[in-house]
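Visitor: Before anything else, here's the structure in question.
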Amino acid sequence: MKSITLTHKGKRKVNQDVVLIKNIDPSTYLYLVADGMGGYDNGEKAAQISTESILTFLSDVNIINKDNIQKAINKANLAIRQFHEQNNSKLGATLAGIVFSKNLAKCFWVGDVKILHYSESKLVFESKSHNLINELSESDVINENFNPSKYSHIVTRSIQGDIKKSVISYQELVVKDKDQLIICSDGVHNIIDSQTMLFLINNNKKNSSFIDQVNDRLNNESDDNASLIYISRL
């Protein structure tokens with residue numbers, strides 16, 4: 001496996017995103033992108049607490065499955081709640097991660113950090129963000145007067161101390177040779193959608209050239225923190 005990371009603050013004063021790549025054991029890799037919630041006091045701290053808690057928990061379990069990944073998220077919630085109580089400061093983060101072993105990618109997410117899977121020059125999986133627009137689209141609320149721009153940035157799940165609001169979505173993906181996976185914060189996918197990302201991948205033979213093009217666009221267009229992990233199976 002080969003991976004490339006990208007993270008910068010955009011036009012924000014501080015980068016509240018945290019990117020983590022760790023070899024848990026000789027055959028298992030953990031990839032995480034956490035996006036600190038800017039409306040809270042300590043977004044960057046929340047992202048750090050979340051990634052560190054998840055890494056610590058998953059490094060100590062015998063098997064990594066959906067249940068244990070949810071338990072790792074719950075531990076991160078507990079750590080954030082303790083920080084809030086000790087410092088009287090609200091904090092939270094959205095997050096997505098992949099546990100990769102052999103040819104299987106165990107994907108999980110809470111909030112609007114996305115996971116994309118490309119195979120044979122096609123998009124074969126795109127995670128569905130936990131935001132208000134997606135929840136409303138599944139209900140009868142939407143009509144011809146509906147304005148999606150008002151709701152697309154309101155997340156409905158996050159890691160902010162309440163276990164009930166941080167239930168993961170989970171997907172297992174079989175990853176073949178030359179497949180590509182991307183984990184990206186909303187600062188990326190709000191600027192470069194999944195099909196545009198596919199176009200850039202297909203038109204750049206070198207992974208570094210693809211990342212350079214993504215970075216150039218984000219530098220020119222992104223107002224928000226922007227982070228991604230690009231993973232390719234050689």
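In the structure tokens, chains take letters A, B, ... by order of appearance, with residues numbered from 1 within each chain and ligands from 1 in the order shown.
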Could you give me, as an NGL selection string, the residues within 7 Å of Gly36 (chain A), counting only C-alpha atoms and dropping anything in the same chain fewer than 6 positions from it?

Guide: :A and (16-17 or 43-44 or 46-47 or 92-94)

Visitor: So which bits of region 41-135 of chain A end up strand (DSSP E) when you DSSP the backbone, as a ChimeraX atom specification?

Guide: /A:93-101,104-110,114-119,122-126

Visitor: List the neighbours of region 207-221 of chain A out to 8 Å using only C-alpha atoms; skip same-chain residues closer than 3 positions along the sequence, and give me the result as an NGL selection string.

Guide: :A and (4 or 6 or 10 or 188 or 191-192 or 200-201 or 204 or 226)

Visitor: What are the nearest atom pairs, with distances in Å to one decimal, for all residues of region 123-230 of chain A that come at most 12 Å from region 71-80 of chain A, using only C-alpha atoms, set out by chain and rising residue number as a Markdown table?

Guide:
```
| residue | atom | partner | partner_atom | distance |
| --- | --- | --- | --- | --- |
| A:Arg157 | CA | A:Ile73 | CA | 11.8 |
| A:Ser158 | CA | A:Asn77 | CA | 9.2 |
| A:Ile159 | CA | A:Asn77 | CA | 5.7 |
| A:Gln160 | CA | A:Asn77 | CA | 5.9 |
| A:Gly161 | CA | A:Asn77 | CA | 4.3 |
| A:Asp162 | CA | A:Asn77 | CA | 6.4 |
| A:Ile163 | CA | A:Asn74 | CA | 6.0 |
| A:Lys164 | CA | A:Asn74 | CA | 9.4 |
| A:Lys165 | CA | A:Asn77 | CA | 9.8 |
| A:Ser166 | CA | A:Ile73 | CA | 7.4 |
| A:Val167 | CA | A:Ile73 | CA | 8.2 |
| A:Ile168 | CA | A:Ile73 | CA | 8.1 |
| A:Ser169 | CA | A:Ile73 | CA | 11.5 |
```

Visitor: Let's have the selection written as a compact mmCIF listing (two decimals), in the first residue's frame, with all heavy atoms.

Guide:
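What landed in again-v5.txt:
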```txt
# COMPACT_ATOMS: atom_id res chain seq x y z
N ARG A 157 -24.36 13.98 13.01
CA ARG A 157 -23.59 13.10 13.88
C ARG A 157 -22.18 13.64 14.00
O ARG A 157 -21.61 14.14 13.02
CB ARG A 157 -23.55 11.66 13.33
CG ARG A 157 -24.90 11.00 13.17
CD ARG A 157 -24.75 9.53 12.81
NE ARG A 157 -25.92 9.00 12.13
CZ ARG A 157 -26.06 7.76 11.68
NH1 ARG A 157 -25.05 6.91 11.84
NH2 ARG A 157 -27.15 7.38 11.08
N SER A 158 -21.61 13.51 15.18
CA SER A 158 -20.23 13.95 15.41
C SER A 158 -19.74 13.34 16.71
O SER A 158 -20.53 12.80 17.50
CB SER A 158 -20.14 15.47 15.47
OG SER A 158 -20.91 15.99 16.55
N ILE A 159 -18.45 13.44 16.94
CA ILE A 159 -17.86 12.97 18.20
C ILE A 159 -17.73 14.19 19.10
O ILE A 159 -16.81 15.00 18.94
CB ILE A 159 -16.49 12.32 17.95
CG1 ILE A 159 -16.61 11.18 16.93
CG2 ILE A 159 -15.90 11.77 19.25
CD1 ILE A 159 -15.29 10.60 16.49
N GLN A 160 -18.70 14.37 20.00
CA GLN A 160 -18.69 15.57 20.84
C GLN A 160 -19.21 15.29 22.25
O GLN A 160 -19.66 16.20 22.94
CB GLN A 160 -19.50 16.69 20.18
CG GLN A 160 -20.76 16.28 19.46
CD GLN A 160 -21.91 15.91 20.38
OE1 GLN A 160 -22.11 16.55 21.39
NE2 GLN A 160 -22.64 14.87 20.04
N GLY A 161 -19.09 14.00 22.67
CA GLY A 161 -19.42 13.67 24.04
C GLY A 161 -20.72 12.92 24.24
O GLY A 161 -20.97 12.40 25.32
N ASP A 162 -21.54 12.86 23.20
CA ASP A 162 -22.84 12.19 23.29
C ASP A 162 -22.81 10.95 22.40
O ASP A 162 -22.81 11.05 21.17
CB ASP A 162 -23.94 13.14 22.84
CG ASP A 162 -25.34 12.56 23.04
OD1 ASP A 162 -25.45 11.35 23.30
OD2 ASP A 162 -26.31 13.32 22.95
N ILE A 163 -22.80 9.77 23.02
CA ILE A 163 -22.70 8.51 22.28
C ILE A 163 -23.84 8.34 21.30
O ILE A 163 -23.67 7.83 20.19
CB ILE A 163 -22.61 7.32 23.26
CG1 ILE A 163 -21.28 7.35 24.01
CG2 ILE A 163 -22.78 5.99 22.53
CD1 ILE A 163 -21.15 6.28 25.08
N LYS A 164 -25.04 8.79 21.69
CA LYS A 164 -26.21 8.63 20.82
C LYS A 164 -26.07 9.39 19.51
O LYS A 164 -26.71 9.04 18.52
CB LYS A 164 -27.47 9.10 21.56
CG LYS A 164 -27.83 8.25 22.77
CD LYS A 164 -29.07 8.78 23.46
CE LYS A 164 -29.40 7.94 24.70
NZ LYS A 164 -30.61 8.49 25.40
N LYS A 165 -25.25 10.43 19.49
CA LYS A 165 -25.08 11.25 18.28
C LYS A 165 -23.81 10.90 17.52
O LYS A 165 -23.40 11.65 16.63
CB LYS A 165 -25.07 12.74 18.66
CG LYS A 165 -26.40 13.22 19.22
CD LYS A 165 -26.35 14.70 19.54
CE LYS A 165 -27.69 15.19 20.08
NZ LYS A 165 -27.66 16.64 20.42
N SER A 166 -23.22 9.76 17.86
CA SER A 166 -21.97 9.38 17.18
C SER A 166 -21.98 7.92 16.74
O SER A 166 -20.96 7.25 16.76
CB SER A 166 -20.76 9.66 18.07
OG SER A 166 -20.85 8.89 19.25
N VAL A 167 -23.15 7.45 16.33
CA VAL A 167 -23.24 6.08 15.80
C VAL A 167 -22.60 6.06 14.41
O VAL A 167 -22.91 6.88 13.55
CB VAL A 167 -24.71 5.63 15.71
CG1 VAL A 167 -24.80 4.24 15.08
CG2 VAL A 167 -25.35 5.64 17.09
N ILE A 168 -21.69 5.15 14.20
CA ILE A 168 -20.95 5.10 12.94
C ILE A 168 -21.81 4.53 11.81
O ILE A 168 -22.75 3.77 12.04
CB ILE A 168 -19.65 4.28 13.05
CG1 ILE A 168 -19.97 2.80 13.37
CG2 ILE A 168 -18.71 4.87 14.07
CD1 ILE A 168 -18.79 1.87 13.22
N SER A 169 -21.49 4.91 10.59
CA SER A 169 -21.86 4.13 9.41
C SER A 169 -20.63 3.29 9.06
O SER A 169 -19.49 3.70 9.29
CB SER A 169 -22.24 5.03 8.24
OG SER A 169 -23.50 5.62 8.47
```
